[in-house]
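For reference, the structure discussed in these notes is given below.
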Amino acid sequence: TAAVLRGDRILCEIYVDDKKTHSESLAPMVDDCLKKAGLGIHDIDLYCCAIGPGSYTGLRIGTAMIRAFAHASSKPAIGVNTLDALAQNAAETDTLVCPVIDARRGEVYTATYSAGIRITDYRAVPLATVLDELSGKETLFLGDAAVNYQDKIQGASGAFRIVHSGMVLQRAGSVGLTAYALYQKGVRHDVLEPFYLRETQAERVYAARHRAND
């Protein structure tokens, strides 16, 4: 997904849900977005991207591209937590909002939001833990884990709902809106680094080998 905004107005947003990788689709989507918005890369004053948690490879590709754009044009950049951007998709609801991203190995990346404000830490925990903690509370779920485990979530409590399909996954427009709000507060990120929340596979293997050698 890619988008171009002017302030808090989305000029163009492209969203594709297919099997192509970030390396195949992201640059053409950015180029297409700019063309449809009638702009060139030199017109952009602020760059932003989702920095995670999420797919390790996808995060590295996205942050590397935005770092390159910002550096080449000497413009500022802002990294947005993916969970914050997902929560932005449902920012106007009166209920609790709980984005859940599939972290594999039976876990989800998650946080809980109320009235657009995050009220828990960012966590990587079993989905069952989240459902137990929120049981009986009116909660709106979104994210790829909400799609993958829809039956389990809705079966856990009558108070749980899944946001409609048009807003259930990450949207670049929401990343842009979140970044713009941060920009207005004076936030700038000199260094964009992926926020993995959990160790990468390489780090887990290294740690396991290190323990074995102790």
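Going by the structure tokens order, chains are called A, B, ..., each with residues numbered from 1, while ligands are numbered from 1 in the order shown.
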
| field | Residue contacts of A:Ile44 (9 Å, only C-alpha atoms) excluding same-chain residues fewer than 6 positions away, as number ranges by chain | value | A: 4, 73, 75

Take the selection from the previous step and output its residues with N, CA and C atoms, as a compact mmCIF listing (two decimals), in the first residue's frame.
```txt
# COMPACT_ATOMS: atom_id res chain seq x y z
N VAL A 4 -0.27 9.28 -1.10
CA VAL A 4 0.23 10.66 -1.11
C VAL A 4 -0.83 11.54 -0.45
N SER A 73 16.63 13.72 -0.94
CA SER A 73 15.95 15.01 -1.09
C SER A 73 16.17 15.95 0.08
N LYS A 75 14.89 15.81 3.00
CA LYS A 75 13.60 16.08 3.62
C LYS A 75 13.43 15.20 4.85
```

| Those of stretch 2-107 of chain A in DSSP strand (DSSP E or B), formatted as a VMD selection string | chain A and resid 2 to 6 9 to 14 47 to 52 77 to 81 96 to 104 107

So that I have them on file, write out the residues from the current selection with N, CA, C and O atoms, as a short mmCIF file (atom, residue, chain, number, x, y, z; two decimals), in the first residue's frame.
```
data_model
loop_
_atom_site.label_atom_id
_atom_site.label_comp_id
_atom_site.auth_asym_id
_atom_site.auth_seq_id
_atom_site.Cartn_x
_atom_site.Cartn_y
_atom_site.Cartn_z
N ALA A 2 0.47 2.26 -0.75
CA ALA A 2 1.20 3.53 -0.84
C ALA A 2 0.18 4.66 -0.95
O ALA A 2 -0.93 4.46 -1.44
N ALA A 3 0.56 5.83 -0.49
CA ALA A 3 -0.37 6.96 -0.53
C ALA A 3 0.40 8.27 -0.60
O ALA A 3 1.56 8.35 -0.19
N VAL A 4 -0.27 9.28 -1.10
CA VAL A 4 0.23 10.66 -1.11
C VAL A 4 -0.83 11.54 -0.45
O VAL A 4 -2.01 11.45 -0.80
N LEU A 5 -0.41 12.34 0.52
CA LEU A 5 -1.34 13.22 1.23
C LEU A 5 -0.90 14.67 1.11
O LEU A 5 0.29 14.96 0.95
N ARG A 6 -1.87 15.56 1.19
CA ARG A 6 -1.59 16.98 1.37
C ARG A 6 -2.21 17.35 2.71
O ARG A 6 -3.43 17.43 2.85
N ARG A 9 -5.37 15.39 4.05
CA ARG A 9 -6.21 14.98 2.92
C ARG A 9 -5.46 13.96 2.08
O ARG A 9 -4.33 14.21 1.63
N ILE A 10 -6.07 12.81 1.85
CA ILE A 10 -5.46 11.76 1.05
C ILE A 10 -5.72 12.07 -0.43
O ILE A 10 -6.86 12.03 -0.89
N LEU A 11 -4.65 12.38 -1.16
CA LEU A 11 -4.79 12.69 -2.59
C LEU A 11 -4.89 11.43 -3.42
O LEU A 11 -5.63 11.37 -4.40
N CYS A 12 -4.12 10.42 -3.05
CA CYS A 12 -4.15 9.15 -3.78
C CYS A 12 -3.69 8.04 -2.84
O CYS A 12 -2.74 8.23 -2.07
N GLU A 13 -4.36 6.90 -2.91
CA GLU A 13 -3.96 5.74 -2.13
C GLU A 13 -4.12 4.50 -3.00
O GLU A 13 -5.15 4.32 -3.66
N ILE A 14 -3.09 3.67 -3.01
CA ILE A 14 -3.12 2.42 -3.76
C ILE A 14 -2.96 1.27 -2.78
O ILE A 14 -2.05 1.29 -1.93
N TYR A 47 8.43 12.37 4.34
CA TYR A 47 8.30 10.95 4.02
C TYR A 47 7.94 10.17 5.28
O TYR A 47 8.35 10.54 6.39
N CYS A 48 7.17 9.12 5.11
CA CYS A 48 6.83 8.29 6.26
C CYS A 48 6.61 6.86 5.81
O CYS A 48 6.36 6.58 4.63
N CYS A 49 6.71 5.96 6.77
CA CYS A 49 6.42 4.56 6.50
C CYS A 49 6.08 3.87 7.81
O CYS A 49 6.39 4.38 8.89
N ALA A 50 5.43 2.72 7.69
CA ALA A 50 5.21 1.88 8.86
C ALA A 50 6.51 1.14 9.16
O ALA A 50 7.15 0.59 8.27
N ILE A 51 6.94 1.16 10.42
CA ILE A 51 8.22 0.56 10.78
C ILE A 51 8.06 -0.78 11.51
O ILE A 51 9.04 -1.40 11.89
N GLY A 52 6.83 -1.23 11.71
CA GLY A 52 6.62 -2.50 12.37
C GLY A 52 5.86 -2.32 13.68
O GLY A 52 5.56 -1.19 14.07
N ALA A 77 11.76 12.62 7.73
CA ALA A 77 11.03 11.35 7.66
C ALA A 77 10.51 10.99 9.05
O ALA A 77 11.09 11.38 10.07
N ILE A 78 9.41 10.27 9.06
CA ILE A 78 8.80 9.81 10.31
C ILE A 78 8.45 8.33 10.17
O ILE A 78 7.88 7.92 9.16
N GLY A 79 8.81 7.54 11.16
CA GLY A 79 8.42 6.14 11.20
C GLY A 79 7.20 5.97 12.10
O GLY A 79 7.16 6.51 13.21
N VAL A 80 6.21 5.25 11.62
CA VAL A 80 4.95 5.06 12.34
C VAL A 80 4.82 3.60 12.76
O VAL A 80 5.02 2.69 11.95
N ASN A 81 4.51 3.37 14.02
CA ASN A 81 4.27 2.00 14.47
C ASN A 81 3.07 1.43 13.71
O ASN A 81 2.03 2.09 13.60
N LEU A 96 -13.34 -0.12 22.46
CA LEU A 96 -11.92 -0.42 22.45
C LEU A 96 -11.52 -0.90 21.06
O LEU A 96 -12.31 -1.55 20.37
N VAL A 97 -10.32 -0.58 20.64
CA VAL A 97 -9.79 -1.02 19.35
C VAL A 97 -8.54 -1.85 19.60
O VAL A 97 -7.65 -1.42 20.34
N CYS A 98 -8.51 -3.04 18.99
CA CYS A 98 -7.39 -3.95 19.23
C CYS A 98 -6.84 -4.48 17.90
O CYS A 98 -7.37 -5.45 17.35
N PRO A 99 -5.81 -3.83 17.36
CA PRO A 99 -5.15 -4.39 16.16
C PRO A 99 -4.35 -5.63 16.54
O PRO A 99 -3.68 -5.64 17.59
N VAL A 100 -4.43 -6.65 15.71
CA VAL A 100 -3.67 -7.88 15.95
C VAL A 100 -3.00 -8.29 14.64
O VAL A 100 -3.66 -8.50 13.63
N ILE A 101 -1.68 -8.37 14.66
CA ILE A 101 -0.88 -8.76 13.50
C ILE A 101 -0.34 -10.16 13.75
O ILE A 101 0.22 -10.42 14.82
N ASP A 102 -0.50 -11.04 12.80
CA ASP A 102 -0.04 -12.42 12.97
C ASP A 102 1.48 -12.46 13.12
O ASP A 102 2.21 -12.06 12.21
N ALA A 103 1.96 -12.90 14.28
CA ALA A 103 3.39 -12.99 14.56
C ALA A 103 3.92 -14.41 14.39
O ALA A 103 5.07 -14.68 14.72
N ARG A 104 3.05 -15.32 13.91
CA ARG A 104 3.41 -16.73 13.75
C ARG A 104 3.69 -17.36 15.12
O ARG A 104 3.58 -16.72 16.13
N GLU A 107 1.45 -16.56 18.12
CA GLU A 107 1.38 -15.27 18.78
C GLU A 107 0.89 -14.17 17.84
O GLU A 107 0.88 -14.35 16.61
#
```

| request: Using DSSP on the backbone coordinates, identify the residues of chain A assigned to helix (DSSP H, G or I); present them as a PyMOL selection string. | output: chain A and resi 22-37+41-43+56-73+82-88+127-134+144-148+150-156+172-184+201-213

| request: For A:Arg67, list every protein, DNA or RNA residue within 8 Å, evaluated using only C-alpha atoms, and leave out those in the same chain fewer than 3 positions away; present the list as an NGL selection string. | output: :A and (63-64 or 70-71 or 77 or 191-192)

Written selection (N, CA and C atoms) as a PDB file, in the first residue's frame:
```pdb
ATOM      1  N   THR A  63      11.492   0.561   5.060  1.00  0.00           N
ATOM      2  CA  THR A  63      12.283   1.590   5.741  1.00  0.00           C
ATOM      3  C   THR A  63      13.487   2.000   4.903  1.00  0.00           C
ATOM      4  N   ALA A  64      14.106   1.057   4.200  1.00  0.00           N
ATOM      5  CA  ALA A  64      15.261   1.391   3.360  1.00  0.00           C
ATOM      6  C   ALA A  64      14.854   2.342   2.236  1.00  0.00           C
ATOM      7  N   ALA A  70      14.263  10.199   1.629  1.00  0.00           N
ATOM      8  CA  ALA A  70      14.457  11.336   2.524  1.00  0.00           C
ATOM      9  C   ALA A  70      15.882  11.860   2.445  1.00  0.00           C
ATOM     10  N   HIS A  71      16.852  10.950   2.395  1.00  0.00           N
ATOM     11  CA  HIS A  71      18.259  11.368   2.325  1.00  0.00           C
ATOM     12  C   HIS A  71      18.563  12.076   1.005  1.00  0.00           C
ATOM     13  N   ALA A  77      11.759  12.623   7.731  1.00  0.00           N
ATOM     14  CA  ALA A  77      11.035  11.352   7.663  1.00  0.00           C
ATOM     15  C   ALA A  77      10.514  10.992   9.054  1.00  0.00           C
ATOM     16  N   VAL A 191      16.830   8.762  12.211  1.00  0.00           N
ATOM     17  CA  VAL A 191      17.147   7.399  11.773  1.00  0.00           C
ATOM     18  C   VAL A 191      15.864   6.572  11.787  1.00  0.00           C
ATOM     19  N   LEU A 192      15.555   5.942  10.662  1.00  0.00           N
ATOM     20  CA  LEU A 192      14.399   5.046  10.581  1.00  0.00           C
ATOM     21  C   LEU A 192      14.889   3.617  10.726  1.00  0.00           C
TER      22      LEU A 192
END
```

| Selection: 10 Å around stretch 183-185 of chain A, only C-alpha atoms, excl. self and same-chain fewer than 2 positions, as a list in words | Gly7, Leu46, Pro76, Ala77, Ile78, Leu177, Thr178, Ala179, Tyr180, Ala181, Val187, Arg188 and His189 of chain A

| message | Nearest residue to A:Val175 out of A:Thr21, A:Thr57, A:Asn89, A:Ser74, using only C-alpha atoms? | response | A:Asn89

| request: For atom CA of A:Glu138 and atom CA of A:Asp94, quote the distance in Å rounded to one decimal. | output: 9.2 Å

| field | Selection: 8 Å around A:Ser174, only C-alpha atoms, excl. self and same-chain fewer than 6 positions, as a VMD selection string | value | chain A and resid 85 to 86 88 to 89

Output N, CA and C atoms of each residue in that selection to a file, as a PDB file, in the first residue's frame.
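The resulting file, again-v6.pdb, is reproduced below:
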```
ATOM      1  N   ALA A  85      -0.918   2.744  13.287  1.00  0.00           N
ATOM      2  CA  ALA A  85      -1.543   3.040  12.000  1.00  0.00           C
ATOM      3  C   ALA A  85      -2.801   2.208  11.794  1.00  0.00           C
ATOM      4  N   LEU A  86      -2.755   0.938  12.202  1.00  0.00           N
ATOM      5  CA  LEU A  86      -3.951   0.093  12.105  1.00  0.00           C
ATOM      6  C   LEU A  86      -5.072   0.651  12.968  1.00  0.00           C
ATOM      7  N   GLN A  88      -5.604   3.633  13.664  1.00  0.00           N
ATOM      8  CA  GLN A  88      -6.119   4.824  12.983  1.00  0.00           C
ATOM      9  C   GLN A  88      -7.253   4.468  12.034  1.00  0.00           C
ATOM     10  N   ASN A  89      -7.241   3.243  11.481  1.00  0.00           N
ATOM     11  CA  ASN A  89      -8.322   2.812  10.588  1.00  0.00           C
ATOM     12  C   ASN A  89      -9.684   2.867  11.268  1.00  0.00           C
TER      13      ASN A  89
END
```

| Distance of atom CA of A:Ile41 from atom CA of A:Val168, expressed in Å to one decimal place | 29.2 Å

| Point-to-point distance from atom CA of A:Val108 to atom CA of A:Arg171, Å rounded to tenths | 18.7 Å

| request: Kindly indicate which residue among A:Thr120, A:Tyr149, A:Thr1, A:Leu59 lies nearest to A:Asp18, using only C-alpha atoms for the distances. | output: A:Thr1

| field | Minimum-distance residue to A:Ile119, chosen among A:Ala87, A:Val163, A:Leu182, A:Ala146 (using only C-alpha atoms) | value |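 For A:Ile119, the nearest of the candidates is A:Ala87.
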
| query | Do you know which residues are at most 8 Å from A:Gly58 counting only C-alpha atoms, after dropping those on the same chain fewer than 4 positions away, and could you put them as an MDAnalysis selection string? | reply | chainID A and resid 21:22 54 62

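Counting only C-alpha atoms, the residue from A:Tyr15, A:Phe160, A:Arg118, A:Leu83 that sits nearest to A:Ser135 is A:Phe160.
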
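Distance check against A:Ala90 using only C-alpha atoms: of A:Leu134, A:Gln154, A:Ala145, A:Thr112, the minimum falls on A:Thr112.
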
| task | Please provide as a PyMOL selection string all residues within 12 Å of A:Glu133, with the sequence filter that same-chain residues fewer than 4 positions apart are discarded (counting only C-alpha atoms). | result | chain A and resi 98+111-112+120+125-129+137-139+156-157

Let's have the selection written as a PDB file, in the first residue's frame, with N, CA and C atoms.
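Final output, result-v6.pdb:
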```pdb
ATOM      1  N   CYS A  98      -8.510  -3.037  18.992  1.00  0.00           N
ATOM      2  CA  CYS A  98      -7.395  -3.948  19.229  1.00  0.00           C
ATOM      3  C   CYS A  98      -6.844  -4.476  17.902  1.00  0.00           C
ATOM      4  N   ALA A 111      -1.708  -4.233  20.609  1.00  0.00           N
ATOM      5  CA  ALA A 111      -1.844  -3.208  21.647  1.00  0.00           C
ATOM      6  C   ALA A 111      -3.328  -2.872  21.681  1.00  0.00           C
ATOM      7  N   THR A 112      -3.770  -2.208  22.718  1.00  0.00           N
ATOM      8  CA  THR A 112      -5.181  -1.841  22.829  1.00  0.00           C
ATOM      9  C   THR A 112      -5.307  -0.318  22.896  1.00  0.00           C
ATOM     10  N   THR A 120      -2.161   0.245  26.309  1.00  0.00           N
ATOM     11  CA  THR A 120      -1.324  -0.875  26.725  1.00  0.00           C
ATOM     12  C   THR A 120       0.027  -0.774  26.017  1.00  0.00           C
ATOM     13  N   VAL A 125       2.194 -11.623  22.087  1.00  0.00           N
ATOM     14  CA  VAL A 125       1.602 -12.570  23.044  1.00  0.00           C
ATOM     15  C   VAL A 125       0.671 -13.530  22.314  1.00  0.00           C
ATOM     16  N   PRO A 126       0.323 -14.655  22.938  1.00  0.00           N
ATOM     17  CA  PRO A 126      -0.668 -15.548  22.325  1.00  0.00           C
ATOM     18  C   PRO A 126      -2.008 -14.830  22.157  1.00  0.00           C
ATOM     19  N   LEU A 127      -2.697 -15.112  21.060  1.00  0.00           N
ATOM     20  CA  LEU A 127      -4.010 -14.507  20.833  1.00  0.00           C
ATOM     21  C   LEU A 127      -4.955 -14.821  21.989  1.00  0.00           C
ATOM     22  N   ALA A 128      -4.876 -16.041  22.534  1.00  0.00           N
ATOM     23  CA  ALA A 128      -5.755 -16.434  23.642  1.00  0.00           C
ATOM     24  C   ALA A 128      -5.594 -15.499  24.839  1.00  0.00           C
ATOM     25  N   THR A 129      -4.383 -15.007  25.073  1.00  0.00           N
ATOM     26  CA  THR A 129      -4.147 -14.076  26.178  1.00  0.00           C
ATOM     27  C   THR A 129      -4.907 -12.775  25.962  1.00  0.00           C
ATOM     28  N   LYS A 137     -15.636  -7.110  27.097  1.00  0.00           N
ATOM     29  CA  LYS A 137     -15.514  -5.693  26.772  1.00  0.00           C
ATOM     30  C   LYS A 137     -15.785  -5.480  25.282  1.00  0.00           C
ATOM     31  N   GLU A 138     -16.592  -4.484  24.968  1.00  0.00           N
ATOM     32  CA  GLU A 138     -16.866  -4.175  23.571  1.00  0.00           C
ATOM     33  C   GLU A 138     -15.553  -3.807  22.874  1.00  0.00           C
ATOM     34  N   THR A 139     -15.142  -4.629  21.928  1.00  0.00           N
ATOM     35  CA  THR A 139     -13.834  -4.453  21.299  1.00  0.00           C
ATOM     36  C   THR A 139     -13.936  -4.678  19.798  1.00  0.00           C
ATOM     37  N   ALA A 156     -15.119 -16.132  20.918  1.00  0.00           N
ATOM     38  CA  ALA A 156     -14.647 -15.969  22.296  1.00  0.00           C
ATOM     39  C   ALA A 156     -15.555 -15.075  23.125  1.00  0.00           C
ATOM     40  N   SER A 157     -16.267 -14.136  22.468  1.00  0.00           N
ATOM     41  CA  SER A 157     -17.137 -13.219  23.203  1.00  0.00           C
ATOM     42  C   SER A 157     -18.109 -12.547  22.244  1.00  0.00           C
TER      43      SER A 157
END
```
